[in-house]
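Read through the structure below, which is laid out as structure tokens, and then see the notes.
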Amino acid sequence: MQAVFWISLFVLFYTYVGYGLLLFVINAIKKRKHHIDEAFFPAITLVVPAYNEEGIIQEKIGNSLQLDYPAGQLRFIFITDGSTDRTPEIVQQYPQIKVMHSGQRRGKTAAINRAMKEVETPFVVMTDANALLDVKSLKKLVRHFFDEQIGGISGEKRIAKSEDSIVGFGERLYWQYESMLKKANAEFFTLVGAAGELFAIRTRLFEPVDEKVILDDFVISAKICQKGYRFLYESEACAVENASVSIAEERKRKNRISAGCFQALASMKSLLNPFKNPLLSFQYFSHRVLRWALCPVLLPALLFANIYLFLSRAGTIYSLFFWMQIVCYLLAFLGWLVPMKKALAKPLLVPSYFLFMVLSQYTGFYRFVTKKQTVLWEKLRREPLR
């Protein structure tokens with residue numbers, strides 16, 4: 001039990017804290033450099049999958065057309081496959097946008113595969129319909145492509161500030177943490193997993209993705225890394241979206257993403273081959289595999305081993321960790337009960353959202369092994385972006 005306790009504690013600490021600290025130290029000693037050109041404005045295509053987005057699509061179009069990029073060098077493709085609302089009709093009102101529409105809904109991955117066949121520019125930028133981009137985002141992304149070793153660049157996802165809730169506050173905090181890790185990963189060697197809200201790739205490096213893939217952004221970027229190219233992170237190119245309107249809506253999203261994580265682990269095993277690309281394998285194992293596969297198992301293992309050692313009076317250190325865990329779990333459950341307007345609420349939301357994410361991993365694993373999660377999912381309700 002002592003071995004279970006200490007191994008679990010070490011892996012959990014390394015995954016959530018130690019790995020980031022290790023990258024920070026290494027990057028402080030030596031940063032990996034690459035060449036950029038602020039005047040590099042190649043022809044690019046903005047690809048936007050949009051399924052039943054009539055509530056936001058007008059704003060997305062306006063945002064897209066206002067992006068700062070040289071005239072004639074930016075093209076637009078919107079894919080509205082399966083939409084049963086007015087999304088296709090609204091997009092068709094803009095002659096500068098190429099609309100691809102099919103009455104059959106086969107999912108986002110299939111839509112991207114179809115759109116990429118129509119891309120004629122050397123670079124493509126992918127973004128979600130419910131995310132608004134900073135006006136300078138495209139220039140900030142493509143300047144990195146001046147370096148031939150750069151295969152792709154991910155922008156930064158940001159959660160718009162609104163009335164605080166366990167979803168809004170927790171998601172903002174999580175993405176601030178995740179953004180720091182993504183930046184550290186890219187500086188060390190490469191980003192492992194782009195943010196689907198905004199990323200750019202070299203068109204020639206794109207490989208059609210299996211239509212059953214749930215996390216298309218992760219698979220697309222991982223395959224480019226496997227080809228020997230780096231995937232960078234650009235924090236000045238940001239995409240803003242709102243959190244889900246409720247914890248119930250957010251649970252749907254987290255369950256789907258978690259199922260996609262386990263699907264990616266099963267299908268991208270070659271990323272773990274240290275002989276082919278040791279740095280990529282190290283990053284993938286540390287940032288993804290441990291968090292997705294081992295930590296959900298080690299958290300309860302740590303708790304139960306700690307309970308046994310506490311009841312066995314194994315030592316003061318185990319008693320200390322026992323009460324620390326009990327307090328953390330109590331705070332997490334209390335976070336669901338305290339009204340958001342109370343000053344005490346925000347500190348409680350940190351353990352609450354963390355526990356919520358771990359529980360979603362269990363549900364996601366169940367949906368993956370039972371094949372109950374498909375590429376088609378129920379559309380989430382979000383607060384307006386403006």
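Ordering of the structure tokens sets the chain letters (A, B, ...); residue numbers start at 1 within each chain; ligands are numbered from 1 in the order shown.
Residues lying within 6 Å of stretch 358-366 of chain A, counting only C-alpha atoms and ignoring same-chain neighbours fewer than 5 positions away, are Lys254, Asn255, Ser258 and Ala259 of chain A.
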Just the alpha helix (DSSP H) stuff from stretch 156-253 of chain A, please, per backbone DSSP, written as a PDB file with N, CA and C atoms, in the first residue's frame.
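Written output follows (selection_31.pdb):
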```
ATOM      1  N   ILE A 166     -19.541  27.615 -12.196  1.00  0.00           N
ATOM      2  CA  ILE A 166     -18.567  26.530 -12.137  1.00  0.00           C
ATOM      3  C   ILE A 166     -18.054  26.199 -13.528  1.00  0.00           C
ATOM      4  N   VAL A 167     -18.885  26.433 -14.556  1.00  0.00           N
ATOM      5  CA  VAL A 167     -18.461  26.170 -15.925  1.00  0.00           C
ATOM      6  C   VAL A 167     -17.554  27.285 -16.434  1.00  0.00           C
ATOM      7  N   GLY A 168     -18.044  28.540 -16.363  1.00  0.00           N
ATOM      8  CA  GLY A 168     -17.273  29.647 -16.893  1.00  0.00           C
ATOM      9  C   GLY A 168     -15.946  29.848 -16.186  1.00  0.00           C
ATOM     10  N   PHE A 169     -15.973  29.904 -14.856  1.00  0.00           N
ATOM     11  CA  PHE A 169     -14.753  30.117 -14.083  1.00  0.00           C
ATOM     12  C   PHE A 169     -13.799  28.938 -14.243  1.00  0.00           C
ATOM     13  N   GLY A 170     -14.335  27.729 -14.131  1.00  0.00           N
ATOM     14  CA  GLY A 170     -13.499  26.533 -14.227  1.00  0.00           C
ATOM     15  C   GLY A 170     -12.880  26.369 -15.593  1.00  0.00           C
ATOM     16  N   GLU A 171     -13.654  26.619 -16.647  1.00  0.00           N
ATOM     17  CA  GLU A 171     -13.129  26.465 -18.002  1.00  0.00           C
ATOM     18  C   GLU A 171     -12.080  27.520 -18.316  1.00  0.00           C
ATOM     19  N   ARG A 172     -12.300  28.752 -17.859  1.00  0.00           N
ATOM     20  CA  ARG A 172     -11.291  29.798 -18.069  1.00  0.00           C
ATOM     21  C   ARG A 172      -9.989  29.434 -17.368  1.00  0.00           C
ATOM     22  N   LEU A 173     -10.095  28.966 -16.128  1.00  0.00           N
ATOM     23  CA  LEU A 173      -8.910  28.611 -15.363  1.00  0.00           C
ATOM     24  C   LEU A 173      -8.176  27.445 -16.020  1.00  0.00           C
ATOM     25  N   TYR A 174      -8.952  26.448 -16.483  1.00  0.00           N
ATOM     26  CA  TYR A 174      -8.341  25.287 -17.125  1.00  0.00           C
ATOM     27  C   TYR A 174      -7.577  25.698 -18.381  1.00  0.00           C
ATOM     28  N   TRP A 175      -8.163  26.580 -19.194  1.00  0.00           N
ATOM     29  CA  TRP A 175      -7.499  26.948 -20.441  1.00  0.00           C
ATOM     30  C   TRP A 175      -6.316  27.878 -20.225  1.00  0.00           C
ATOM     31  N   GLN A 176      -6.309  28.614 -19.135  1.00  0.00           N
ATOM     32  CA  GLN A 176      -5.113  29.378 -18.794  1.00  0.00           C
ATOM     33  C   GLN A 176      -3.964  28.428 -18.458  1.00  0.00           C
ATOM     34  N   TYR A 177      -4.284  27.386 -17.696  1.00  0.00           N
ATOM     35  CA  TYR A 177      -3.289  26.360 -17.351  1.00  0.00           C
ATOM     36  C   TYR A 177      -2.837  25.605 -18.598  1.00  0.00           C
ATOM     37  N   GLU A 178      -3.801  25.203 -19.413  1.00  0.00           N
ATOM     38  CA  GLU A 178      -3.481  24.436 -20.615  1.00  0.00           C
ATOM     39  C   GLU A 178      -2.683  25.267 -21.613  1.00  0.00           C
ATOM     40  N   SER A 179      -2.983  26.554 -21.706  1.00  0.00           N
ATOM     41  CA  SER A 179      -2.247  27.433 -22.620  1.00  0.00           C
ATOM     42  C   SER A 179      -0.782  27.549 -22.215  1.00  0.00           C
ATOM     43  N   MET A 180      -0.515  27.633 -20.922  1.00  0.00           N
ATOM     44  CA  MET A 180       0.872  27.684 -20.461  1.00  0.00           C
ATOM     45  C   MET A 180       1.612  26.400 -20.823  1.00  0.00           C
ATOM     46  N   LEU A 181       0.931  25.253 -20.682  1.00  0.00           N
ATOM     47  CA  LEU A 181       1.550  23.981 -21.031  1.00  0.00           C
ATOM     48  C   LEU A 181       1.799  23.874 -22.528  1.00  0.00           C
ATOM     49  N   LYS A 182       0.828  24.303 -23.323  1.00  0.00           N
ATOM     50  CA  LYS A 182       0.978  24.246 -24.774  1.00  0.00           C
ATOM     51  C   LYS A 182       2.158  25.120 -25.230  1.00  0.00           C
ATOM     52  N   LYS A 183       2.256  26.299 -24.663  1.00  0.00           N
ATOM     53  CA  LYS A 183       3.356  27.186 -25.020  1.00  0.00           C
ATOM     54  C   LYS A 183       4.700  26.576 -24.637  1.00  0.00           C
ATOM     55  N   ALA A 184       4.765  25.978 -23.434  1.00  0.00           N
ATOM     56  CA  ALA A 184       6.008  25.351 -22.974  1.00  0.00           C
ATOM     57  C   ALA A 184       6.366  24.158 -23.851  1.00  0.00           C
ATOM     58  N   ASN A 185       5.372  23.366 -24.243  1.00  0.00           N
ATOM     59  CA  ASN A 185       5.617  22.230 -25.131  1.00  0.00           C
ATOM     60  C   ASN A 185       6.195  22.683 -26.464  1.00  0.00           C
ATOM     61  N   ALA A 186       5.601  23.728 -27.046  1.00  0.00           N
ATOM     62  CA  ALA A 186       6.048  24.213 -28.355  1.00  0.00           C
ATOM     63  C   ALA A 186       7.463  24.764 -28.285  1.00  0.00           C
ATOM     64  N   GLU A 187       7.799  25.436 -27.178  1.00  0.00           N
ATOM     65  CA  GLU A 187       9.150  25.976 -27.031  1.00  0.00           C
ATOM     66  C   GLU A 187      10.174  24.867 -26.836  1.00  0.00           C
ATOM     67  N   PHE A 188       9.762  23.795 -26.145  1.00  0.00           N
ATOM     68  CA  PHE A 188      10.660  22.669 -25.915  1.00  0.00           C
ATOM     69  C   PHE A 188      10.950  21.923 -27.218  1.00  0.00           C
ATOM     70  N   ASP A 216     -10.678  15.525 -34.184  1.00  0.00           N
ATOM     71  CA  ASP A 216     -10.016  15.755 -35.473  1.00  0.00           C
ATOM     72  C   ASP A 216      -8.821  16.682 -35.336  1.00  0.00           C
ATOM     73  N   ASP A 217      -8.923  17.712 -34.476  1.00  0.00           N
ATOM     74  CA  ASP A 217      -7.817  18.663 -34.321  1.00  0.00           C
ATOM     75  C   ASP A 217      -6.567  17.985 -33.774  1.00  0.00           C
ATOM     76  N   PHE A 218      -6.745  17.083 -32.806  1.00  0.00           N
ATOM     77  CA  PHE A 218      -5.599  16.383 -32.245  1.00  0.00           C
ATOM     78  C   PHE A 218      -4.958  15.460 -33.280  1.00  0.00           C
ATOM     79  N   VAL A 219      -5.753  14.696 -33.991  1.00  0.00           N
ATOM     80  CA  VAL A 219      -5.224  13.726 -34.953  1.00  0.00           C
ATOM     81  C   VAL A 219      -4.527  14.436 -36.114  1.00  0.00           C
ATOM     82  N   ILE A 220      -5.128  15.508 -36.630  1.00  0.00           N
ATOM     83  CA  ILE A 220      -4.513  16.249 -37.739  1.00  0.00           C
ATOM     84  C   ILE A 220      -3.139  16.778 -37.337  1.00  0.00           C
ATOM     85  N   SER A 221      -3.064  17.405 -36.171  1.00  0.00           N
ATOM     86  CA  SER A 221      -1.785  17.976 -35.728  1.00  0.00           C
ATOM     87  C   SER A 221      -0.777  16.895 -35.363  1.00  0.00           C
ATOM     88  N   ALA A 222      -1.232  15.806 -34.757  1.00  0.00           N
ATOM     89  CA  ALA A 222      -0.315  14.724 -34.374  1.00  0.00           C
ATOM     90  C   ALA A 222       0.298  14.063 -35.598  1.00  0.00           C
ATOM     91  N   LYS A 223      -0.476  13.889 -36.650  1.00  0.00           N
ATOM     92  CA  LYS A 223       0.035  13.271 -37.869  1.00  0.00           C
ATOM     93  C   LYS A 223       1.096  14.152 -38.536  1.00  0.00           C
ATOM     94  N   ILE A 224       0.927  15.461 -38.437  1.00  0.00           N
ATOM     95  CA  ILE A 224       1.927  16.367 -38.989  1.00  0.00           C
ATOM     96  C   ILE A 224       3.216  16.278 -38.182  1.00  0.00           C
ATOM     97  N   CYS A 225       3.088  16.160 -36.870  1.00  0.00           N
ATOM     98  CA  CYS A 225       4.275  15.997 -36.019  1.00  0.00           C
ATOM     99  C   CYS A 225       5.007  14.697 -36.349  1.00  0.00           C
ATOM    100  N   GLN A 226       4.249  13.647 -36.643  1.00  0.00           N
ATOM    101  CA  GLN A 226       4.854  12.362 -36.986  1.00  0.00           C
ATOM    102  C   GLN A 226       5.677  12.430 -38.259  1.00  0.00           C
ATOM    103  N   ILE A 247     -23.896  23.411 -16.324  1.00  0.00           N
ATOM    104  CA  ILE A 247     -23.020  22.273 -16.082  1.00  0.00           C
ATOM    105  C   ILE A 247     -23.503  21.045 -16.837  1.00  0.00           C
ATOM    106  N   ALA A 248     -24.806  20.937 -17.043  1.00  0.00           N
ATOM    107  CA  ALA A 248     -25.357  19.808 -17.787  1.00  0.00           C
ATOM    108  C   ALA A 248     -24.907  19.849 -19.245  1.00  0.00           C
ATOM    109  N   GLU A 249     -24.903  21.051 -19.833  1.00  0.00           N
ATOM    110  CA  GLU A 249     -24.440  21.205 -21.210  1.00  0.00           C
ATOM    111  C   GLU A 249     -22.943  20.936 -21.312  1.00  0.00           C
ATOM    112  N   GLU A 250     -22.185  21.428 -20.327  1.00  0.00           N
ATOM    113  CA  GLU A 250     -20.743  21.222 -20.339  1.00  0.00           C
ATOM    114  C   GLU A 250     -20.394  19.750 -20.170  1.00  0.00           C
ATOM    115  N   ARG A 251     -21.216  19.027 -19.416  1.00  0.00           N
ATOM    116  CA  ARG A 251     -20.965  17.595 -19.214  1.00  0.00           C
ATOM    117  C   ARG A 251     -21.040  16.845 -20.545  1.00  0.00           C
ATOM    118  N   LYS A 252     -21.962  17.233 -21.409  1.00  0.00           N
ATOM    119  CA  LYS A 252     -22.068  16.591 -22.719  1.00  0.00           C
ATOM    120  C   LYS A 252     -20.761  16.768 -23.505  1.00  0.00           C
ATOM    121  N   ARG A 253     -20.223  17.992 -23.462  1.00  0.00           N
ATOM    122  CA  ARG A 253     -18.997  18.286 -24.202  1.00  0.00           C
ATOM    123  C   ARG A 253     -17.807  17.537 -23.630  1.00  0.00           C
TER     124      ARG A 253
END
```
Handout entry: Among the residues A:Cys238, A:Leu290, A:Val124, A:Val91, the one that comes closest to A:Tyr51 [using only C-alpha atoms]
Key = A:Val91
Exercise for the section: Show which residues sit within 7 Å of stretch 106-123 of chain A, as a PyMOL selection string. Count only C-alpha atoms, and ignore same-chain residues fewer than 4 positions away. Expected result: chain A and resi 43-45+49+79+81+201-203+208-209+211+213+216+375-376
Write the residues you've just listed into a file as a PDB file, in the first residue's frame, and include N, CA and C atoms for each of them.
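The resulting result-v2.pdb:
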```pdb
ATOM      1  N   ALA A  43      -0.946  33.003 -49.740  1.00  0.00           N
ATOM      2  CA  ALA A  43      -2.375  32.773 -49.931  1.00  0.00           C
ATOM      3  C   ALA A  43      -2.840  31.699 -48.946  1.00  0.00           C
ATOM      4  N   ILE A  44      -3.952  31.962 -48.262  1.00  0.00           N
ATOM      5  CA  ILE A  44      -4.479  31.015 -47.278  1.00  0.00           C
ATOM      6  C   ILE A  44      -5.984  30.866 -47.455  1.00  0.00           C
ATOM      7  N   THR A  45      -6.507  29.759 -46.954  1.00  0.00           N
ATOM      8  CA  THR A  45      -7.945  29.509 -46.982  1.00  0.00           C
ATOM      9  C   THR A  45      -8.438  29.305 -45.554  1.00  0.00           C
ATOM     10  N   PRO A  49     -16.310  24.756 -40.481  1.00  0.00           N
ATOM     11  CA  PRO A  49     -17.453  23.837 -40.425  1.00  0.00           C
ATOM     12  C   PRO A  49     -18.554  24.491 -39.590  1.00  0.00           C
ATOM     13  N   ILE A  79     -18.513  25.018 -44.556  1.00  0.00           N
ATOM     14  CA  ILE A  79     -19.181  23.742 -44.802  1.00  0.00           C
ATOM     15  C   ILE A  79     -20.389  23.647 -43.871  1.00  0.00           C
ATOM     16  N   ASP A  81     -22.803  21.106 -43.907  1.00  0.00           N
ATOM     17  CA  ASP A  81     -23.399  19.791 -44.097  1.00  0.00           C
ATOM     18  C   ASP A  81     -24.382  19.430 -42.981  1.00  0.00           C
ATOM     19  N   ILE A 201      -2.258  24.949 -40.882  1.00  0.00           N
ATOM     20  CA  ILE A 201      -1.351  23.891 -41.313  1.00  0.00           C
ATOM     21  C   ILE A 201      -0.920  24.128 -42.762  1.00  0.00           C
ATOM     22  N   ARG A 202       0.170  23.453 -43.140  1.00  0.00           N
ATOM     23  CA  ARG A 202       0.554  23.413 -44.555  1.00  0.00           C
ATOM     24  C   ARG A 202      -0.393  22.436 -45.251  1.00  0.00           C
ATOM     25  N   THR A 203      -1.024  22.887 -46.299  1.00  0.00           N
ATOM     26  CA  THR A 203      -2.042  22.084 -46.983  1.00  0.00           C
ATOM     27  C   THR A 203      -1.489  20.737 -47.435  1.00  0.00           C
ATOM     28  N   PRO A 208      -6.259  12.830 -45.078  1.00  0.00           N
ATOM     29  CA  PRO A 208      -7.665  12.603 -44.727  1.00  0.00           C
ATOM     30  C   PRO A 208      -7.766  11.799 -43.439  1.00  0.00           C
ATOM     31  N   VAL A 209      -8.674  12.218 -42.578  1.00  0.00           N
ATOM     32  CA  VAL A 209      -8.835  11.594 -41.269  1.00  0.00           C
ATOM     33  C   VAL A 209     -10.036  10.658 -41.304  1.00  0.00           C
ATOM     34  N   GLU A 211     -13.369   9.187 -40.704  1.00  0.00           N
ATOM     35  CA  GLU A 211     -14.580   9.928 -40.356  1.00  0.00           C
ATOM     36  C   GLU A 211     -15.116   9.585 -38.966  1.00  0.00           C
ATOM     37  N   VAL A 213     -13.263   9.547 -36.335  1.00  0.00           N
ATOM     38  CA  VAL A 213     -12.425  10.244 -35.354  1.00  0.00           C
ATOM     39  C   VAL A 213     -13.210  11.378 -34.698  1.00  0.00           C
ATOM     40  N   ASP A 216     -10.678  15.525 -34.184  1.00  0.00           N
ATOM     41  CA  ASP A 216     -10.016  15.755 -35.473  1.00  0.00           C
ATOM     42  C   ASP A 216      -8.821  16.682 -35.336  1.00  0.00           C
ATOM     43  N   VAL A 375     -19.299  10.448 -33.862  1.00  0.00           N
ATOM     44  CA  VAL A 375     -18.810  11.767 -34.270  1.00  0.00           C
ATOM     45  C   VAL A 375     -19.944  12.782 -34.296  1.00  0.00           C
ATOM     46  N   LEU A 376     -21.189  12.308 -34.256  1.00  0.00           N
ATOM     47  CA  LEU A 376     -22.349  13.205 -34.219  1.00  0.00           C
ATOM     48  C   LEU A 376     -22.733  13.429 -32.765  1.00  0.00           C
TER      49      LEU A 376
END
```
Completion exercise
Correct to one decimal, the distance atom CA of A:Asn273-atom CA of A:Gly18 is 22.5 Å
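For the choices A:Phe13, A:Ile214, A:Val48, A:His287, the atom-to-atom distance to A:Ser267 is smallest for A:Ile214 when using only C-alpha atoms.
Checking A:Ala266, A:Leu348, A:Leu132, A:Leu23 one by one against A:Gln283, counting only C-alpha atoms, you find the shortest gap at A:Leu23.
The neighbours of A:Phe5 here are the residues that come within 12 Å of it, using only C-alpha atoms and leaving out any residue fewer than 6 positions away in the same chain; they are Val11, Leu12, Leu298, Leu299, Pro300, Ala301, Leu302, Leu303, Phe304, Ala305, Asn306, Ile307, Tyr308, Leu309, Phe310, Ala314, Ile317, Tyr318, Phe321 and Phe322 of chain A.
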Mind dumping the selected residues with N, CA and C atoms as an mmCIF file, in the first residue's frame?
```cif
data_model
loop_
_atom_site.group_PDB
_atom_site.id
_atom_site.type_symbol
_atom_site.label_atom_id
_atom_site.label_comp_id
_atom_site.auth_asym_id
_atom_site.auth_seq_id
_atom_site.Cartn_x
_atom_site.Cartn_y
_atom_site.Cartn_z
ATOM 1 N N VAL A 11 3.319 10.160 -9.753
ATOM 2 C CA VAL A 11 2.824 10.284 -11.129
ATOM 3 C C VAL A 11 1.815 11.426 -11.236
ATOM 4 N N LEU A 12 0.938 11.554 -10.257
ATOM 5 C CA LEU A 12 -0.052 12.634 -10.268
ATOM 6 C C LEU A 12 0.635 14.004 -10.193
ATOM 7 N N LEU A 298 -5.181 6.529 -10.936
ATOM 8 C CA LEU A 298 -4.306 6.762 -9.784
ATOM 9 C C LEU A 298 -4.947 7.641 -8.716
ATOM 10 N N LEU A 299 -5.880 8.510 -9.087
ATOM 11 C CA LEU A 299 -6.542 9.348 -8.079
ATOM 12 C C LEU A 299 -7.294 8.512 -7.044
ATOM 13 N N PRO A 300 -8.179 7.589 -7.442
ATOM 14 C CA PRO A 300 -8.819 6.734 -6.436
ATOM 15 C C PRO A 300 -7.838 5.773 -5.778
ATOM 16 N N ALA A 301 -6.800 5.335 -6.518
ATOM 17 C CA ALA A 301 -5.792 4.451 -5.923
ATOM 18 C C ALA A 301 -5.072 5.166 -4.784
ATOM 19 N N LEU A 302 -4.748 6.428 -5.007
ATOM 20 C CA LEU A 302 -4.091 7.221 -3.960
ATOM 21 C C LEU A 302 -4.998 7.368 -2.746
ATOM 22 N N LEU A 303 -6.267 7.636 -2.981
ATOM 23 C CA LEU A 303 -7.210 7.824 -1.877
ATOM 24 C C LEU A 303 -7.390 6.549 -1.061
ATOM 25 N N PHE A 304 -7.630 5.430 -1.728
ATOM 26 C CA PHE A 304 -7.887 4.175 -1.003
ATOM 27 C C PHE A 304 -6.627 3.674 -0.291
ATOM 28 N N ALA A 305 -5.462 3.846 -0.935
ATOM 29 C CA ALA A 305 -4.214 3.457 -0.264
ATOM 30 C C ALA A 305 -3.983 4.329 0.958
ATOM 31 N N ASN A 306 -4.313 5.609 0.830
ATOM 32 C CA ASN A 306 -4.143 6.541 1.937
ATOM 33 C C ASN A 306 -5.087 6.208 3.097
ATOM 34 N N ILE A 307 -6.318 5.840 2.761
ATOM 35 C CA ILE A 307 -7.276 5.444 3.809
ATOM 36 C C ILE A 307 -6.768 4.219 4.567
ATOM 37 N N TYR A 308 -6.272 3.238 3.844
ATOM 38 C CA TYR A 308 -5.742 2.022 4.475
ATOM 39 C C TYR A 308 -4.564 2.362 5.390
ATOM 40 N N LEU A 309 -3.642 3.192 4.892
ATOM 41 C CA LEU A 309 -2.460 3.548 5.677
ATOM 42 C C LEU A 309 -2.828 4.413 6.880
ATOM 43 N N PHE A 310 -3.851 5.239 6.724
ATOM 44 C CA PHE A 310 -4.315 6.070 7.848
ATOM 45 C C PHE A 310 -4.924 5.197 8.942
ATOM 46 N N ALA A 314 0.054 4.058 9.875
ATOM 47 C CA ALA A 314 1.361 3.813 9.258
ATOM 48 C C ALA A 314 2.346 4.956 9.470
ATOM 49 N N ILE A 317 2.914 11.203 8.158
ATOM 50 C CA ILE A 317 2.835 11.714 6.792
ATOM 51 C C ILE A 317 1.576 11.234 6.092
ATOM 52 N N TYR A 318 1.174 9.985 6.380
ATOM 53 C CA TYR A 318 -0.039 9.443 5.747
ATOM 54 C C TYR A 318 -1.288 10.062 6.357
ATOM 55 N N PHE A 321 -1.611 13.541 4.648
ATOM 56 C CA PHE A 321 -2.150 13.453 3.288
ATOM 57 C C PHE A 321 -3.604 12.995 3.288
ATOM 58 N N PHE A 322 -3.967 12.160 4.252
ATOM 59 C CA PHE A 322 -5.354 11.701 4.348
ATOM 60 C C PHE A 322 -6.284 12.887 4.576
#
```
Problem - Among the residues A:Arg105, A:Lys136, A:Arg291, A:His144, the one that comes closest to A:His35 [using only C-alpha atoms] - result: A:His144
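Excluding A:Tyr94 itself and same-chain residues fewer than 4 positions from it, the residues having an atom within 9 Å of it are Ile61, Ile90 and Lys98 of chain A, counting only C-alpha atoms.
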